[in-house]
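**Q** Structure: entry11.tsv, TSV, C-alpha atoms and all ligand atoms.
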chain	number	residue	atom	x	y	z
A	1	MET	CA	71.14	-70.00	-94.38
A	2	LYS	CA	70.79	-66.67	-96.11
A	3	VAL	CA	71.24	-63.37	-94.30
A	4	LEU	CA	70.65	-59.82	-95.47
A	5	ILE	CA	72.87	-57.31	-93.68
A	6	VAL	CA	72.00	-53.67	-94.21
A	7	GLY	CA	74.87	-51.41	-93.26
A	8	GLY	CA	77.29	-54.29	-93.78
A	9	ALA	CA	80.07	-51.99	-95.02
A	10	GLY	CA	80.22	-50.04	-91.76
A	11	TYR	CA	82.16	-50.67	-88.57
A	12	ILE	CA	80.09	-53.30	-86.76
A	13	GLY	CA	78.26	-54.51	-89.88
A	14	SER	CA	81.49	-55.36	-91.70
A	15	HIS	CA	82.72	-57.45	-88.78
A	16	MET	CA	79.38	-59.24	-88.76
A	17	VAL	CA	79.60	-60.01	-92.47
A	18	LYS	CA	83.02	-61.57	-91.96
A	19	HIS	CA	81.80	-63.56	-88.95
A	20	LEU	CA	78.91	-65.07	-90.92
A	21	ILE	CA	80.94	-65.73	-94.07
A	22	ARG	CA	83.48	-67.56	-91.90
A	23	ALA	CA	80.61	-69.60	-90.45
A	24	GLY	CA	79.60	-70.63	-93.98
A	25	LYS	CA	76.47	-68.49	-94.30
A	26	GLU	CA	75.29	-66.78	-97.47
A	27	VAL	CA	75.43	-63.02	-96.96
A	28	THR	CA	74.05	-60.15	-99.01
A	29	VAL	CA	74.92	-56.59	-98.00
A	30	VAL	CA	72.92	-53.49	-98.81
A	31	ASP	CA	74.89	-50.35	-98.01
A	32	ASP	CA	74.77	-46.89	-99.58
A	33	LEU	CA	78.45	-46.35	-98.64
A	34	SER	CA	77.54	-43.03	-97.01
A	35	SER	CA	79.82	-43.99	-94.16
A	36	GLY	CA	80.78	-47.53	-95.07
A	37	TYR	CA	83.60	-48.79	-97.30
A	38	ARG	CA	83.37	-51.10	-100.27
A	39	ASP	CA	86.61	-52.81	-99.27
A	40	ALA	CA	85.27	-53.51	-95.76
A	41	VAL	CA	82.90	-56.10	-97.22
A	42	VAL	CA	84.91	-59.32	-97.18
A	43	ALA	CA	85.17	-61.61	-100.17
A	44	GLY	CA	82.32	-64.07	-100.44
A	45	ALA	CA	79.58	-61.59	-99.54
A	46	GLU	CA	77.47	-59.92	-102.21
A	47	LEU	CA	77.42	-56.10	-101.98
A	48	ILE	CA	74.52	-54.13	-103.37
A	49	VAL	CA	75.22	-50.41	-103.24
A	50	GLY	CA	71.96	-48.72	-102.42
A	51	SER	CA	69.79	-47.32	-99.70
A	52	ILE	CA	67.21	-49.01	-97.51
A	53	ALA	CA	65.10	-45.92	-98.18
A	54	ASN	CA	64.75	-47.22	-101.75
A	55	ALA	CA	61.60	-49.35	-101.64
A	56	GLY	CA	61.99	-50.40	-105.28
A	57	LEU	CA	65.49	-51.73	-104.69
A	58	LEU	CA	64.34	-53.67	-101.64
A	59	ASP	CA	61.27	-55.13	-103.36
A	60	THR	CA	63.41	-56.35	-106.25
A	61	LEU	CA	65.95	-57.84	-103.86
A	62	PHE	CA	63.37	-59.63	-101.73
A	63	ALA	CA	61.68	-60.95	-104.89
A	64	GLN	CA	65.00	-62.39	-106.08
A	65	GLN	CA	66.34	-63.83	-102.83
A	66	ARG	CA	64.73	-65.58	-99.92
A	67	PHE	CA	66.34	-64.38	-96.66
A	68	ASP	CA	66.03	-66.23	-93.39
A	69	VAL	CA	66.90	-63.18	-91.36
A	70	VAL	CA	67.61	-59.48	-91.85
A	71	MET	CA	70.18	-57.61	-89.74
A	72	HIS	CA	70.14	-53.82	-89.53
A	73	PHE	CA	73.39	-51.90	-88.96
A	74	ALA	CA	72.56	-48.94	-91.24
A	75	SER	CA	71.80	-46.16	-88.77
A	76	PHE	CA	73.46	-42.81	-88.27
A	77	ILE	CA	75.19	-42.79	-84.89
A	78	GLN	CA	76.51	-39.35	-83.98
A	79	VAL	CA	74.71	-38.01	-80.95
A	80	GLY	CA	75.86	-34.40	-81.42
A	81	GLU	CA	74.88	-34.36	-85.09
A	82	SER	CA	71.48	-35.79	-84.21
A	83	VAL	CA	70.84	-32.76	-82.01
A	84	VAL	CA	71.57	-30.23	-84.78
A	85	LYS	CA	70.25	-32.31	-87.69
A	86	PRO	CA	67.37	-34.35	-86.23
A	87	ALA	CA	65.59	-34.56	-89.61
A	88	LYS	CA	68.53	-36.53	-91.01
A	89	TYR	CA	68.26	-38.98	-88.12
A	90	TYR	CA	64.49	-39.45	-88.20
A	91	ALA	CA	64.56	-39.87	-91.99
A	92	ASN	CA	67.24	-42.53	-91.99
A	93	ASN	CA	67.02	-44.25	-88.63
A	94	VAL	CA	63.23	-44.37	-88.44
A	95	LEU	CA	61.65	-43.77	-91.85
A	96	ALA	CA	64.10	-45.84	-93.91
A	97	THR	CA	63.86	-48.61	-91.32
A	98	LEU	CA	60.07	-48.62	-91.80
A	99	THR	CA	60.66	-48.96	-95.54
A	100	LEU	CA	62.88	-51.95	-94.89
A	101	LEU	CA	60.33	-53.52	-92.55
A	102	ASP	CA	57.57	-52.97	-95.14
A	103	ALA	CA	59.61	-54.79	-97.76
A	104	MET	CA	60.27	-57.65	-95.34
A	105	LEU	CA	56.60	-58.01	-94.44
A	106	GLU	CA	55.63	-57.88	-98.09
A	107	ALA	CA	58.08	-60.68	-98.84
A	108	GLY	CA	57.11	-62.73	-95.80
A	109	VAL	CA	60.50	-62.41	-94.07
A	110	SER	CA	59.77	-62.48	-90.37
A	111	ARG	CA	63.06	-62.36	-88.46
A	112	PHE	CA	64.89	-59.13	-87.74
A	113	ILE	CA	67.96	-58.23	-85.71
A	114	PHE	CA	68.34	-54.57	-84.85
A	115	SER	CA	71.36	-52.63	-83.61
A	116	SER	CA	70.03	-50.65	-80.70
A	117	THR	CA	71.91	-48.73	-78.07
A	118	ALA	CA	72.33	-47.96	-74.38
A	119	ALA	CA	71.23	-44.45	-75.41
A	120	VAL	CA	67.62	-45.68	-75.19
A	121	TYR	CA	67.96	-45.49	-71.40
A	122	GLY	CA	69.13	-41.89	-71.13
A	123	ASP	CA	70.52	-40.81	-67.77
A	124	PRO	CA	70.65	-43.96	-65.68
A	125	SER	CA	68.56	-44.10	-62.53
A	126	TYR	CA	70.58	-47.12	-61.36
A	127	ILE	CA	73.75	-49.00	-62.32
A	128	PRO	CA	74.29	-51.55	-63.76
A	129	ILE	CA	71.52	-50.94	-66.25
A	130	ASP	CA	69.27	-53.91	-67.01
A	131	GLU	CA	66.76	-54.18	-69.83
A	132	ALA	CA	63.86	-53.15	-67.58
A	133	HIS	CA	65.47	-49.80	-66.79
A	134	PRO	CA	63.19	-46.89	-67.82
A	135	LYS	CA	63.68	-45.70	-71.39
A	136	ASN	CA	64.21	-41.95	-71.45
A	137	PRO	CA	66.53	-41.16	-74.35
A	138	ILE	CA	67.96	-37.66	-74.02
A	139	ASN	CA	68.86	-36.96	-77.66
A	140	PRO	CA	67.34	-37.55	-81.12
A	141	TYR	CA	69.76	-40.42	-81.83
A	142	GLY	CA	68.57	-42.36	-78.78
A	143	ARG	CA	64.95	-41.49	-79.55
A	144	THR	CA	65.19	-42.87	-83.10
A	145	LYS	CA	66.46	-46.20	-81.74
A	146	TRP	CA	63.78	-46.37	-79.05
A	147	MET	CA	61.09	-45.52	-81.64
A	148	VAL	CA	62.18	-48.41	-83.83
A	149	GLU	CA	62.13	-50.75	-80.84
A	150	GLN	CA	58.55	-49.70	-80.13
A	151	VAL	CA	57.60	-50.12	-83.78
A	152	LEU	CA	59.03	-53.64	-83.61
A	153	ASP	CA	56.89	-54.47	-80.56
A	154	ASP	CA	53.79	-53.38	-82.48
A	155	TYR	CA	54.85	-55.26	-85.63
A	156	ASP	CA	55.29	-58.44	-83.65
A	157	ARG	CA	51.79	-58.11	-82.16
A	158	ALA	CA	50.17	-57.22	-85.48
A	159	TYR	CA	52.25	-59.07	-88.09
A	160	GLY	CA	54.18	-61.70	-86.14
A	161	LEU	CA	57.54	-60.11	-87.01
A	162	LYS	CA	60.08	-61.56	-84.56
A	163	SER	CA	62.92	-59.26	-83.61
A	164	VAL	CA	65.95	-59.14	-81.40
A	165	CYS	CA	67.12	-55.65	-80.43
A	166	LEU	CA	70.68	-55.58	-79.16
A	167	ARG	CA	71.45	-52.55	-77.03
A	168	TYR	CA	75.16	-51.92	-77.39
A	169	PHE	CA	77.11	-50.13	-74.73
A	170	ASN	CA	80.48	-48.82	-76.02
A	171	ALA	CA	81.41	-50.86	-79.08
A	172	ALA	CA	85.17	-50.88	-79.53
A	173	GLY	CA	88.12	-52.92	-80.73
A	174	ALA	CA	88.79	-54.38	-84.16
A	175	ASP	CA	88.91	-57.68	-86.00
A	176	PRO	CA	91.50	-59.77	-84.09
A	177	GLU	CA	92.94	-60.82	-87.48
A	178	GLY	CA	93.58	-57.20	-88.35
A	179	GLU	CA	91.50	-57.20	-91.54
A	180	LEU	CA	88.79	-54.81	-90.35
A	181	GLY	CA	88.40	-51.98	-87.87
A	182	GLU	CA	86.83	-48.65	-87.06
A	183	ARG	CA	86.98	-46.02	-89.83
A	184	HIS	CA	84.57	-43.31	-88.83
A	185	VAL	CA	84.93	-39.91	-90.45
A	186	PRO	CA	84.85	-37.85	-88.38
A	187	GLU	CA	85.93	-40.11	-85.55
A	188	THR	CA	84.21	-39.21	-82.28
A	189	HIS	CA	84.78	-42.34	-80.19
A	190	LEU	CA	87.24	-42.37	-77.35
A	191	ILE	CA	89.40	-45.44	-78.04
A	192	PRO	CA	90.23	-44.72	-81.71
A	193	LEU	CA	90.91	-41.09	-80.84
A	194	VAL	CA	93.26	-42.10	-78.03
A	195	LEU	CA	95.07	-44.47	-80.39
A	196	GLN	CA	95.34	-41.81	-83.10
A	197	ALA	CA	97.07	-39.66	-80.49
A	198	ALA	CA	99.37	-42.62	-79.71
A	199	SER	CA	100.27	-43.20	-83.36
A	200	GLY	CA	100.87	-39.52	-84.03
A	201	ARG	CA	97.99	-39.05	-86.45
A	202	ARG	CA	96.50	-36.69	-83.90
A	203	GLU	CA	98.43	-34.32	-81.64
A	204	GLN	CA	96.41	-35.04	-78.55
A	205	VAL	CA	93.19	-36.43	-77.22
A	206	SER	CA	90.68	-34.38	-75.28
A	207	VAL	CA	89.17	-35.59	-72.03
A	208	PHE	CA	85.67	-34.19	-71.71
A	209	GLY	CA	85.15	-33.47	-68.04
A	210	THR	CA	87.21	-34.18	-64.92
A	211	ASP	CA	84.62	-33.24	-62.32
A	212	TYR	CA	82.20	-36.15	-62.59
A	213	ASP	CA	81.14	-38.08	-59.52
A	214	THR	CA	83.53	-40.96	-60.24
A	215	PRO	CA	86.77	-41.98	-58.49
A	216	ASP	CA	89.03	-40.05	-60.89
A	217	GLY	CA	86.44	-37.52	-62.04
A	218	THR	CA	86.21	-38.77	-65.64
A	219	CYS	CA	83.24	-40.62	-67.18
A	220	ILE	CA	82.89	-44.36	-66.82
A	221	ARG	CA	81.78	-46.51	-69.75
A	222	ASP	CA	81.37	-50.21	-70.51
A	223	TYR	CA	83.54	-51.10	-73.53
A	224	ILE	CA	82.60	-54.22	-75.47
A	225	HIS	CA	84.71	-55.81	-78.20
A	226	VAL	CA	83.20	-55.80	-81.69
A	227	ALA	CA	84.05	-59.51	-82.04
A	228	ASP	CA	82.01	-60.25	-78.91
A	229	LEU	CA	79.16	-58.17	-80.33
A	230	CYS	CA	79.26	-60.30	-83.47
A	231	GLU	CA	79.05	-63.50	-81.47
A	232	ALA	CA	75.99	-62.18	-79.68
A	233	HIS	CA	74.38	-61.41	-83.05
A	234	ALA	CA	75.15	-64.88	-84.36
A	235	LEU	CA	73.55	-66.36	-81.25
A	236	ALA	CA	70.55	-64.09	-81.78
A	237	ILE	CA	70.14	-65.54	-85.28
A	238	ASP	CA	70.15	-69.07	-83.82
A	239	TYR	CA	67.66	-67.95	-81.19
A	240	LEU	CA	65.22	-66.58	-83.78
A	241	LEU	CA	65.65	-69.56	-86.11
A	242	ALA	CA	64.84	-71.84	-83.17
A	243	GLY	CA	61.50	-70.04	-82.82
A	244	GLY	CA	62.49	-67.58	-80.08
A	245	GLU	CA	60.12	-64.79	-79.13
A	246	SER	CA	61.03	-61.15	-79.75
A	247	ALA	CA	63.59	-60.04	-77.17
A	248	ARG	CA	65.82	-57.13	-76.18
A	249	PHE	CA	69.29	-57.60	-74.75
A	250	ASN	CA	71.99	-55.35	-73.38
A	251	LEU	CA	75.45	-56.07	-74.71
A	252	GLY	CA	78.28	-54.95	-72.48
A	253	ASN	CA	80.97	-56.47	-70.30
A	254	GLY	CA	79.38	-55.31	-67.07
A	255	GLN	CA	82.57	-53.57	-66.06
A	256	GLY	CA	83.14	-49.85	-66.29
A	257	PHE	CA	86.37	-48.02	-67.08
A	258	SER	CA	86.96	-44.31	-66.79
A	259	VAL	CA	88.26	-42.17	-69.64
A	260	GLN	CA	91.49	-41.78	-67.66
A	261	GLU	CA	91.79	-45.57	-67.24
A	262	VAL	CA	91.34	-46.01	-71.00
A	263	ILE	CA	94.16	-43.55	-71.65
A	264	ASP	CA	96.43	-45.16	-69.04
A	265	THR	CA	95.75	-48.63	-70.48
A	266	ALA	CA	96.42	-47.35	-73.99
A	267	ARG	CA	99.76	-45.95	-72.82
A	268	LYS	CA	100.66	-49.39	-71.46
A	269	VAL	CA	99.46	-51.35	-74.49
A	270	THR	CA	101.08	-49.09	-77.07
A	271	GLY	CA	104.18	-48.05	-75.15
A	272	ARG	CA	103.65	-44.63	-76.69
A	273	ASN	CA	103.28	-41.17	-75.31
A	274	ILE	CA	99.69	-39.89	-75.47
A	275	ASN	CA	99.15	-36.17	-75.07
A	276	VAL	CA	95.98	-35.31	-73.19
A	277	ARG	CA	94.06	-32.08	-72.98
A	278	TYR	CA	91.64	-31.83	-70.10
A	279	GLU	CA	88.52	-29.98	-71.14
A	280	SER	CA	85.08	-29.19	-69.83
A	281	ARG	CA	82.21	-31.66	-70.03
A	282	ARG	CA	80.60	-32.64	-73.33
A	283	ALA	CA	76.84	-32.02	-73.31
A	284	GLY	CA	74.68	-35.04	-72.63
A	285	ASP	CA	77.31	-37.40	-71.14
A	286	PRO	CA	76.07	-39.33	-68.10
A	287	ALA	CA	78.80	-39.97	-65.49
A	288	ARG	CA	78.46	-43.76	-65.65
A	289	LEU	CA	77.03	-46.25	-68.11
A	290	VAL	CA	77.53	-49.88	-67.23
A	291	ALA	CA	75.50	-52.79	-68.56
A	292	ASP	CA	73.82	-55.62	-66.78
A	293	SER	CA	74.08	-58.18	-69.61
A	294	ARG	CA	73.00	-61.23	-67.67
A	295	LEU	CA	69.92	-61.70	-69.83
A	296	ALA	CA	71.98	-62.14	-73.01
A	297	ARG	CA	74.18	-64.62	-71.18
A	298	GLN	CA	71.21	-66.57	-69.84
A	299	VAL	CA	68.97	-66.59	-72.89
A	300	LEU	CA	71.50	-66.55	-75.74
A	301	GLY	CA	74.34	-68.32	-73.93
A	302	TRP	CA	76.60	-65.39	-74.78
A	303	GLU	CA	80.00	-65.17	-73.14
A	304	PRO	CA	82.27	-62.28	-74.11
A	305	LYS	CA	85.72	-63.67	-74.92
A	306	ARG	CA	87.70	-60.50	-75.56
A	307	ALA	CA	86.39	-58.59	-72.59
A	308	ALA	CA	89.65	-57.29	-71.13
A	309	LEU	CA	90.21	-53.60	-71.83
A	310	GLU	CA	93.83	-54.44	-72.76
A	311	THR	CA	92.59	-56.86	-75.44
A	312	ILE	CA	90.08	-54.38	-76.84
A	313	ILE	CA	92.73	-51.67	-77.03
A	314	ALA	CA	95.42	-54.04	-78.38
A	315	ASP	CA	93.19	-55.13	-81.27
A	316	ALA	CA	92.22	-51.53	-82.04
A	317	TRP	CA	95.93	-50.59	-81.88
A	318	SER	CA	96.89	-53.25	-84.43
A	319	TRP	CA	94.31	-51.77	-86.75
A	320	GLU	CA	95.38	-48.19	-86.12
A	321	GLN	CA	98.95	-49.12	-87.01
A	322	LYS	CA	98.01	-51.15	-90.04
A	323	TRP	CA	95.68	-48.89	-91.84
A	324	PRO	CA	97.45	-46.35	-94.07
A	325	TRP	CA	94.97	-43.55	-93.58
A	326	GLY	CA	97.58	-40.83	-93.64
A	327	PRO	CA	96.45	-37.52	-92.19
A	328	THR	CA	94.23	-37.10	-89.20
A	329	VAL	CA	90.57	-37.80	-89.87
B	1	LIG	N1	85.39	-38.84	-74.61
B	1	LIG	C1	86.46	-37.99	-74.30
B	1	LIG	N2	87.17	-37.48	-75.34
B	1	LIG	C2	86.88	-37.75	-76.65
B	1	LIG	C3	85.81	-38.61	-76.94
B	1	LIG	C4	85.08	-39.14	-75.89
B	1	LIG	O1	86.74	-37.70	-73.13
B	1	LIG	O2	87.57	-37.24	-77.53
B	1	LIG	C5	84.61	-39.41	-73.50
B	1	LIG	C6	83.13	-39.11	-73.56
B	1	LIG	O3	82.86	-37.91	-72.90
B	1	LIG	C7	82.56	-40.33	-72.83
B	1	LIG	C8	83.54	-41.45	-73.18
B	1	LIG	O4	84.74	-40.80	-73.58
B	1	LIG	O5	82.57	-40.12	-71.46
B	1	LIG	C9	83.08	-42.35	-74.31
B	1	LIG	O6	82.68	-41.52	-75.39
B	1	LIG	P1	82.36	-42.09	-76.83
B	1	LIG	O7	82.03	-40.91	-77.70
B	1	LIG	O8	83.45	-43.00	-77.26
B	1	LIG	O9	81.07	-43.00	-76.61
B	1	LIG	P2	79.64	-42.66	-75.92
B	1	LIG	O10	79.78	-43.12	-74.48
B	1	LIG	O11	79.40	-41.19	-76.05
B	1	LIG	O12	78.71	-43.50	-76.69
Can you give me the file's structure in the form of structure tokens?

**A**
Amino acid sequence: MKVLIVGGAGYIGSHMVKHLIRAGKEVTVVDDLSSGYRDAVVAGAELIVGSIANAGLLDTLFAQQRFDVVMHFASFIQVGESVVKPAKYYANNVLATLTLLDAMLEAGVSRFIFSSTAAVYGDPSYIPIDEAHPKNPINPYGRTKWMVEQVLDDYDRAYGLKSVCLRYFNAAGADPEGELGERHVPETHLIPLVLQAASGRREQVSVFGTDYDTPDGTCIRDYIHVADLCEAHALAIDYLLAGGESARFNLGNGQGFSVQEVIDTARKVTGRNINVRYESRRAGDPARLVADSRLARQVLGWEPKRAALETIIADAWSWEQKWPWGPTV
């Protein structure tokens, strides 16, 4: 089986490449290295440095290789940036994705797996959030993902393109073997920031808001291990290859932890002091986001194996200690 992974040098994409290489699949990566790393693409995978906005590059690639499935991890992901630079997000997350889909249709490749997000739901009207929950994204990032999902519905109806959209809740953790992990610059996600404060690469971590309607006043999120995400993607490939219809699945553990609980757990796991600064709320953060992922379990047979928050943090901590990044990023 041959898989094209766009964005395969980034955080989740690179873990996916390793997962499939380990499973004996042929993997080609297209990544422009705008936020990915050449050395995050494990040996055995082919890396083509280039953009999915480059129709010529894609046409040449699809003419040379016959892919069974295409996986898309090449989106920009910073919510705050998407608010101040929406053009950047619409150009890459929507327009370049259309270019990729055009090339696939042209080449007759009809299976697509798309990294979507809980941000398509916006402020939840109920918890846990299932796939039928209304889609009201509250920022350009979430809107770009929801737009692509809608495009994919239309492309299935018109062109028979079969897609699985996987709506991630809070992706976290690192390769349990310690080879790969999160390397965002700038880093905006809670767990790596907490661990940078534990390792001393950062003086402190900020807690954005202590007055939410939650037991300890800090926001509650559903953290899901990147290795469990990869397993869900691999199952989604099997599902599409078996002739499955287009589908959308939430990927989360179904259990929420507050920002304060994450910090307390990180203190326990690392045995380190973690300095915390309590600040006011960050714009656009709902109090609680927790997934109902029963559909992925039922239809794909997915079962998260590294669901415990301690495990997620322990794997991310191994990576934080291993990687010689040097100064705070
Ligand atoms: N958060 C925080 N301090 C930080 C980064 C994040 O308190 O330095 C909070 C954020 O407000 C949210 C949760 O941690 O409630 C998870 O944020 P993250 O950016 O990791 O993911 P998001 O839920 O925004 O996708």

**Q** If you measure from CA of Arg143 in chain A to CA of Asp292 in chain A, what distance in Å do you get, rounded to one decimal?

**A** 21.0 Å

**Q** Rounded to one decimal place, report the CA of Gln321 in chain A-CA of Val290 in chain A distance in Å.

**A**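 Rounded to one decimal, the two atoms are 29.2 Å apart.
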
**Q** What are the nearest atom pairs, with distances in Å to one decimal, for all residues of chain A that come at most 6 Å from ligand LIG 1 (chain B), using all atoms listed in the file, set out by chain and rising residue number as a tab-separated table?

**A**
residue	atom	partner	partner_atom	distance
A:Asn170	CA	B:LIG1	O12	5.6
A:Thr188	CA	B:LIG1	O7	5.3
A:His189	CA	B:LIG1	O8	3.3
A:Leu190	CA	B:LIG1	O8	3.8
A:Val205	CA	B:LIG1	O2	5.7
A:Ser206	CA	B:LIG1	N2	4.7
A:Val207	CA	B:LIG1	O1	3.4
A:Phe208	CA	B:LIG1	O1	3.9
A:Cys219	CA	B:LIG1	O5	4.4
A:Val259	CA	B:LIG1	O4	5.5
A:Arg282	CA	B:LIG1	O3	5.8
A:Asp285	CA	B:LIG1	O3	5.8

**Q** Considering only C-alpha atoms, state which residue in the set A:Leu180, A:Ile5, A:Leu58, A:Leu20 is at the smallest distance from Glu106 in chain A.

**A**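 Counting only C-alpha atoms, the residue closest to Glu106 in chain A is A:Leu58.
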
**Q** Quote the spacing between CA of Gly284 in chain A and CA of Asp154 in chain A in Å to one decimal place.

**A** 29.5 Å

**Q** Which residue, A:Asp175, A:Glu149, A:Glu203, A:Asp59, has the smallest gap to Ile274 in chain A when you use only C-alpha atoms?

**A**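 Closest to Ile274 in chain A of all the choices is A:Glu203.
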
**Q** Dig up all the protein and nucleic acid residues within 9 Å of (75.4, -37.7, -80.7) in the file frame, using all atoms listed in the file, and format them as a PDB file with C-alpha atoms, in the frame of the given file.

**A**
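File written: point16.pdb
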ATOM      1  CA  ILE A  77      75.190 -42.790 -84.890  1.00  0.00           C
ATOM      2  CA  GLN A  78      76.510 -39.350 -83.980  1.00  0.00           C
ATOM      3  CA  VAL A  79      74.710 -38.010 -80.950  1.00  0.00           C
ATOM      4  CA  GLY A  80      75.860 -34.400 -81.420  1.00  0.00           C
ATOM      5  CA  GLU A  81      74.880 -34.360 -85.090  1.00  0.00           C
ATOM      6  CA  SER A  82      71.480 -35.790 -84.210  1.00  0.00           C
ATOM      7  CA  VAL A  83      70.840 -32.760 -82.010  1.00  0.00           C
ATOM      8  CA  ASN A 139      68.860 -36.960 -77.660  1.00  0.00           C
ATOM      9  CA  PRO A 140      67.340 -37.550 -81.120  1.00  0.00           C
ATOM     10  CA  TYR A 141      69.760 -40.420 -81.830  1.00  0.00           C
ATOM     11  CA  GLY A 142      68.570 -42.360 -78.780  1.00  0.00           C
ATOM     12  CA  GLY A 284      74.680 -35.040 -72.630  1.00  0.00           C
TER      13      GLY A 284
END

**Q** Using all atoms listed in the file, which of the listed residues (A:Thr311, A:Ser246, A:Ser75, A:Thr117) sits closest to Tyr168 in chain A?

**A**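 Among the listed residues, the smallest separation from Tyr168 in chain A belongs to A:Thr117.
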
**Q** Can you tell me, as number ranges by chain, what residues are no more than 12 Å from Gly209 in chain A when counting only C-alpha atoms, ignoring any on the same chain fewer than 6 positions away?

**A** A: 216-220, 258-260, 277-287

**Q** Looking at A:Ala63, A:Val185, A:Val148, A:Ala197, which one is nearest to Gly10 in chain A, with distances taken over all atoms listed in the file?

**A**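 Closest to Gly10 in chain A of all the choices is A:Val185.
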
**Q** Env of Lys162 in chain A: 9 Å cut, atoms = only C-alpha atoms, seq-sep filter 4 positions within chain, self excluded. Answer as a ChimeraX atom specification.

**A** /A:110-113,152-153,155-156,240,243-247

**Q** Selection from above, C-alpha atoms, as a short mmCIF file (atom, residue, chain, number, x, y, z; two decimals), keeping the file's coordinate frame, can you write it?

**A**
data_model
loop_
_atom_site.label_atom_id
_atom_site.label_comp_id
_atom_site.auth_asym_id
_atom_site.auth_seq_id
_atom_site.Cartn_x
_atom_site.Cartn_y
_atom_site.Cartn_z
CA SER A 110 59.77 -62.48 -90.37
CA ARG A 111 63.06 -62.36 -88.46
CA PHE A 112 64.89 -59.13 -87.74
CA ILE A 113 67.96 -58.23 -85.71
CA LEU A 152 59.03 -53.64 -83.61
CA ASP A 153 56.89 -54.47 -80.56
CA TYR A 155 54.85 -55.26 -85.63
CA ASP A 156 55.29 -58.44 -83.65
CA LEU A 240 65.22 -66.58 -83.78
CA GLY A 243 61.50 -70.04 -82.82
CA GLY A 244 62.49 -67.58 -80.08
CA GLU A 245 60.12 -64.79 -79.13
CA SER A 246 61.03 -61.15 -79.75
CA ALA A 247 63.59 -60.04 -77.17
#

**Q** Near Gly122 in chain A, counting only C-alpha atoms, which residues have an atom at most 6 Å away, once you skip same-chain residues fewer than 6 positions from it, shown as number ranges by chain?

**A** A: 136-138

**Q** Considering only C-alpha atoms, return as a PyMOL selection string whatever protein or nucleic-acid residues lie within 9 Å of Met1 in chain A, sequence-local ones (same chain, fewer than 5 positions apart) excluded.

**A** chain A and resi 24-27+67-69

**Q** Between A:Leu4, A:Ala232, A:Val269, A:Ala45, single out the one closest to Val109 in chain A, counting only C-alpha atoms.

**A**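 Result for the nearest residue to Val109 in chain A: A:Leu4.
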